[in-house]
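Participant: Below is the structure I would like to discuss, written out as structure tokens.
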Amino acid sequence: MDIFYSPEHRAHRGEFEFFRGELVPCFEKPERADYIHAALVRQELGNIVAPGSFPLDAIERVHAPRYLRFLEGAWDEWAALGNTRDAIPAVWPIRGFRHDVEPDSFIARLGMYSFDSGTPFTAGSWQAAKLGADIALSAQRRIAGGARAAFALSRPPGHHAGADFLGGYCFINNAAVAAQAFIDGGAHRVAILDVDYHHGNGTQSIFYGRPDVLFQSIHGDPKTEYPFFLGHADETGEGAGAGFNQNYPLPAGSGNDAWFAAFDLAASRIRAHAPDALVVSLGVDTYVGDPISKFRLDAPEYLRMGDAIAALGLPTLFIMEGGYAVKEIGDNVASVLRGFRDRA
Ligand code: OKP
Ligand code: ZN
């Protein structure tokens with residue numbers, strides 16, 4: 001399958017994030033994508049294809065235009081205030097604060113458009129995030145053109161980003177942008193399967209009221225795991241979207257058997273939806289060796305995962321999300337694609 005990639009993802013390189021009260025080097029670092037790229041080339045899993053550039057319209061189908069304008073100008077505003085280090089939000093308009101006007105202050109807008117302090121905004125963040133969306137859209141177009149599968153090696157990840165907020169290392173929701181592009185291209189129904197360790201709160205919130213885009217997510221139970229405030233089993237959609245969102249939270253420490261039991265439930269929902277295309281938010285932070293996650297999937301399970309996804313028999317767009325065991329990340333992603341290819 002074609003692998004959409006550009007080395008320009010390196011423009012986004014956060015310096016520090018908080019971890020247990022301490023500033024530590026960002027887990028979401030450029031080497032992640034470099035290692036994945038290297039493994040896919042080494043294992044000859046597909047041709048590496050440079051993305052095209054798409055107008056912002058496709059991204060505005062799922063993100064608020066004023067949020068995108070904020071992201072686009074954020075670094076210049078921050079730098080104009082005399083800053084040279086990364087921009088990290090430190091004040092948020094939670095319950096009882098005013099939300100009716102967009103504040104003038106950059107600091108206030110940074111807080112308004114984010115939900116955590118772990119997502120540094122750097123000089124190249126907008127360029128890399130836009131490129132990540134272009135990668136997702138390029139891969140989507142390949143599938144719309146008849147390919148069985150494509151892989152979007154986007155970085156930074158996207159599934160925590162909502163219509164008008166960033167967080168969880170994410171700025172633009174690549175999976176949501178791609179799913180919407182399928183719909184806009186004439187698809188009647190799309191399914192998104194999110195296998196990242198963390199709940200895809202942004203993706204869920206974007207499609208929560210819609211019946212055309214089914215969302216299925218298998219993740220660490222938000223009772224104890226990030227992002228805490230969304231991803232519980234009783235969140236099943238609202239209004240016209242009621243019944244089109246399913247979460248499969250699993251306790252920290254869950255291993256292969258629990259994970260694939262949840263996968264089977266998600267798979268039967270996806271089959272029942274009869275989608276025209278499947279978007280997979282592919283995080284491999286479910287790996288036993290991941291430094292910030294607590295599932296215990298072994299390396300061979302990623303082959304099995306790819307095989308099980310291929311067995312759904314759908315046009316499939318893989319989009320890269322998390323995975324922080326950098327040394328093993330490439331082989332685990334490659335295993336998913338190999339498992340898929342050998343079954344498809
Ligand atoms: C992004 B993706 C560590 C706390 C957790 C946020 C994790 C975001 C994961 N400082 N920080 O879903 O892999
Ligand atoms: Zn994750």
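In the structure tokens, chains take the letters A, B, ... in the order shown, each chain's residues start at 1, and ligands count up from 1 in the order shown.
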Taking only C-alpha atoms and all ligand atoms into account, which residues are within 10 Å of ligand 2, as an MDAnalysis selection string?
Facilitator: chainID A and resid 28 157:160 168:169 194:200 219:220 226:227 281:286 290 292:293 321:324
Participant: Just want the 10 Å neighbourhood of Ser125 of chain A, counted on only C-alpha atoms, with same-chain residues fewer than 6 positions away dropped. Output as an MDAnalysis selection string.
Facilitator: chainID A and resid 9:14 71:72 74:75 86 131 156 170:171
Participant: Using only C-alpha atoms and all ligand atoms for the distances, tell me which of A:Ala325, A:Ile206, A:Ala262, A:Leu278 is nearest to ligand 1.
Facilitator: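 Closest residue, counting only C-alpha atoms and all ligand atoms: A:Ala325.
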Participant: Just list the residues in segment 220-298 of chain A DSSP gives helix (DSSP H, G or I) on the backbone, as a ChimeraX atom specification.
Facilitator: /A:239-241,256-273
Participant: Using only C-alpha atoms, which of the listed residues (A:Ala123, A:Ala39, A:Val326, A:Ala242) sits closest to Arg85 of chain A?
Facilitator: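 Of the candidates, the smallest distance to Arg85 of chain A is held by A:Ala123.
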Participant: So, counting only C-alpha atoms and all ligand atoms, which residue among A:Ser105, A:Asn83, A:Gln140, A:Asn201 is closest to ligand 1?
Facilitator: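 Selected residue with least distance to ligand 1: A:Asn201.
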Participant: Neighbouring residues of Pro249 of chain A were defined as those with any atom within 10 Å, considering only C-alpha atoms; residues of the same chain fewer than 2 positions away were excluded. Please report them as a ChimeraX atom specification.
Facilitator: /A:197-199,217-223,225,231-233,246-247,251-252,259,262
Participant: When distances are computed from only C-alpha atoms and all ligand atoms, which of A:Ala128, A:Ile88, A:Ala176, A:Met320 shows the smallest separation from ligand 1?
Facilitator: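 Looking at the shortest contact to ligand 1, the residue is A:Met320.
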Participant: Could you check the closest approach to Ile59 of chain A for each of A:Pro25, A:Phe4, A:Gln180, A:Gly330 and tell me which residue wins, using only C-alpha atoms?
Facilitator: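 Using only C-alpha atoms, the shortest distance to Ile59 of chain A belongs to A:Gln180.
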Participant: Let me make sure I understand: among A:Asp234, A:Asp76, A:Glu31, A:Glu44, which one has the smallest atom-to-atom distance to Ala334 of chain A if we use only C-alpha atoms?
Facilitator: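 Closest to Ala334 of chain A, using only C-alpha atoms: A:Glu44.
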Participant: Please list as a PyMOL selection string every residue within 6 Å of Gly241 of chain A, counting only C-alpha atoms and excluding residues in the same chain fewer than 3 positions away.
Facilitator: chain A and resi 208-211+237-238+244
Participant: Using DSSP secondary structure from the backbone, list all strand (DSSP E or B) positions within segment 84-164 of chain A, as a PyMOL selection string.
Facilitator: chain A and resi 87+114+121+149-152+162
Participant: Deliver the residues from the most recent selection as a file, using N, CA and C atoms, as a compact mmCIF listing (two decimals), in the first residue's frame.
Facilitator:
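Saved as out.txt:
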```
# COMPACT_ATOMS: atom_id res chain seq x y z
N ALA A 87 5.29 27.84 23.33
CA ALA A 87 4.09 28.37 23.99
C ALA A 87 3.32 27.23 24.65
N SER A 114 -7.36 25.26 24.08
CA SER A 114 -6.64 24.06 24.47
C SER A 114 -7.27 23.43 25.70
N PHE A 121 3.29 24.48 21.76
CA PHE A 121 3.16 25.03 20.41
C PHE A 121 4.51 25.65 20.04
N ALA A 149 -6.18 0.15 0.37
CA ALA A 149 -5.66 0.68 1.63
C ALA A 149 -4.58 1.72 1.36
N ALA A 150 -4.35 2.57 2.36
CA ALA A 150 -3.26 3.54 2.31
C ALA A 150 -2.87 3.86 3.75
N PHE A 151 -1.63 4.30 3.89
CA PHE A 151 -1.14 4.65 5.23
C PHE A 151 -0.71 6.11 5.26
N ALA A 152 -1.30 6.87 6.17
CA ALA A 152 -0.95 8.28 6.36
C ALA A 152 -0.02 8.38 7.55
N GLY A 162 -10.26 18.62 18.94
CA GLY A 162 -11.67 18.78 18.63
C GLY A 162 -11.89 19.89 17.62
```
Participant: Which residues are near segment 143-146 of chain A? Cut-off 12 Å, only C-alpha atoms, ignore same chain within fewer than 3 positions. Put them as a tab-separated table (two decimals) with N, CA and C atoms, in the first residue's frame.
Facilitator:
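The result, stored in selection.tsv:
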```
chain	number	residue	atom	x	y	z
A	1	MET	N	0.84	-1.20	0.00
A	1	MET	CA	0.00	0.00	0.00
A	1	MET	C	0.88	1.25	0.00
A	2	ASP	N	0.37	2.32	-0.57
A	2	ASP	CA	1.13	3.57	-0.58
A	2	ASP	C	1.20	4.19	0.81
A	3	ILE	N	2.37	4.71	1.11
A	3	ILE	CA	2.65	5.31	2.42
A	3	ILE	C	2.91	6.80	2.20
A	136	ALA	N	-3.03	13.01	5.42
A	136	ALA	CA	-4.27	12.24	5.59
A	136	ALA	C	-5.19	12.41	4.37
A	137	LEU	N	-5.28	13.63	3.87
A	137	LEU	CA	-6.15	13.89	2.71
A	137	LEU	C	-5.59	13.23	1.45
A	138	SER	N	-4.28	13.22	1.30
A	138	SER	CA	-3.67	12.57	0.13
A	138	SER	C	-3.95	11.07	0.16
A	139	ALA	N	-3.81	10.47	1.33
A	139	ALA	CA	-4.06	9.03	1.46
A	139	ALA	C	-5.55	8.73	1.26
A	140	GLN	N	-6.39	9.62	1.77
A	140	GLN	CA	-7.85	9.45	1.58
A	140	GLN	C	-8.19	9.46	0.11
A	149	ALA	N	-6.18	0.15	0.37
A	149	ALA	CA	-5.66	0.68	1.63
A	149	ALA	C	-4.58	1.72	1.36
A	150	ALA	N	-4.35	2.57	2.36
A	150	ALA	CA	-3.26	3.54	2.31
A	150	ALA	C	-2.87	3.86	3.75
A	151	PHE	N	-1.63	4.30	3.89
A	151	PHE	CA	-1.14	4.65	5.23
A	151	PHE	C	-0.71	6.11	5.26
A	152	ALA	N	-1.30	6.87	6.17
A	152	ALA	CA	-0.95	8.28	6.36
A	152	ALA	C	-0.02	8.38	7.55
A	178	ALA	N	-10.15	13.27	7.32
A	178	ALA	CA	-10.22	12.24	6.28
A	178	ALA	C	-11.62	11.62	6.20
A	179	ALA	N	-12.20	11.33	7.36
A	179	ALA	CA	-13.56	10.74	7.36
A	179	ALA	C	-14.54	11.69	6.68
A	181	ALA	N	-13.81	13.91	4.47
A	181	ALA	CA	-13.51	13.94	3.03
A	181	ALA	C	-14.17	12.77	2.30
A	182	PHE	N	-14.23	11.59	2.95
A	182	PHE	CA	-14.96	10.48	2.33
A	182	PHE	C	-16.44	10.85	2.14
A	183	ILE	N	-17.04	11.42	3.19
A	183	ILE	CA	-18.45	11.81	3.10
A	183	ILE	C	-18.64	12.85	1.99
A	184	ASP	N	-17.77	13.85	1.97
A	184	ASP	CA	-17.91	14.91	0.96
A	184	ASP	C	-17.65	14.39	-0.45
A	185	GLY	N	-16.94	13.27	-0.53
A	185	GLY	CA	-16.70	12.65	-1.84
A	185	GLY	C	-17.81	11.70	-2.26
A	186	GLY	N	-18.85	11.59	-1.45
A	186	GLY	CA	-19.99	10.78	-1.85
A	186	GLY	C	-20.24	9.53	-1.02
A	187	ALA	N	-19.35	9.25	-0.05
A	187	ALA	CA	-19.60	8.09	0.81
A	187	ALA	C	-20.86	8.34	1.65
A	276	ASP	N	-18.75	2.65	3.75
A	276	ASP	CA	-18.07	2.67	2.45
A	276	ASP	C	-16.56	2.68	2.64
A	277	ALA	N	-16.11	3.14	3.79
A	277	ALA	CA	-14.66	3.17	4.08
A	277	ALA	C	-14.44	3.10	5.58
A	278	LEU	N	-13.26	2.59	5.94
A	278	LEU	CA	-12.84	2.51	7.34
A	278	LEU	C	-11.60	3.38	7.54
A	279	VAL	N	-11.64	4.24	8.56
A	279	VAL	CA	-10.46	5.01	8.96
A	279	VAL	C	-9.97	4.42	10.28
A	314	LEU	N	-12.84	-3.99	4.20
A	314	LEU	CA	-13.22	-2.62	3.81
A	314	LEU	C	-12.04	-1.85	3.24
A	315	PRO	N	-12.33	-0.87	2.35
A	315	PRO	CA	-11.29	0.09	1.99
A	315	PRO	C	-10.80	0.76	3.27
A	316	THR	N	-9.50	0.73	3.52
A	316	THR	CA	-8.99	1.08	4.85
A	316	THR	C	-7.89	2.12	4.79
A	317	LEU	N	-8.13	3.21	5.50
A	317	LEU	CA	-7.15	4.29	5.60
A	317	LEU	C	-6.55	4.27	7.01
A	318	PHE	N	-5.28	3.91	7.11
A	318	PHE	CA	-4.58	3.94	8.39
A	318	PHE	C	-4.00	5.34	8.59
```
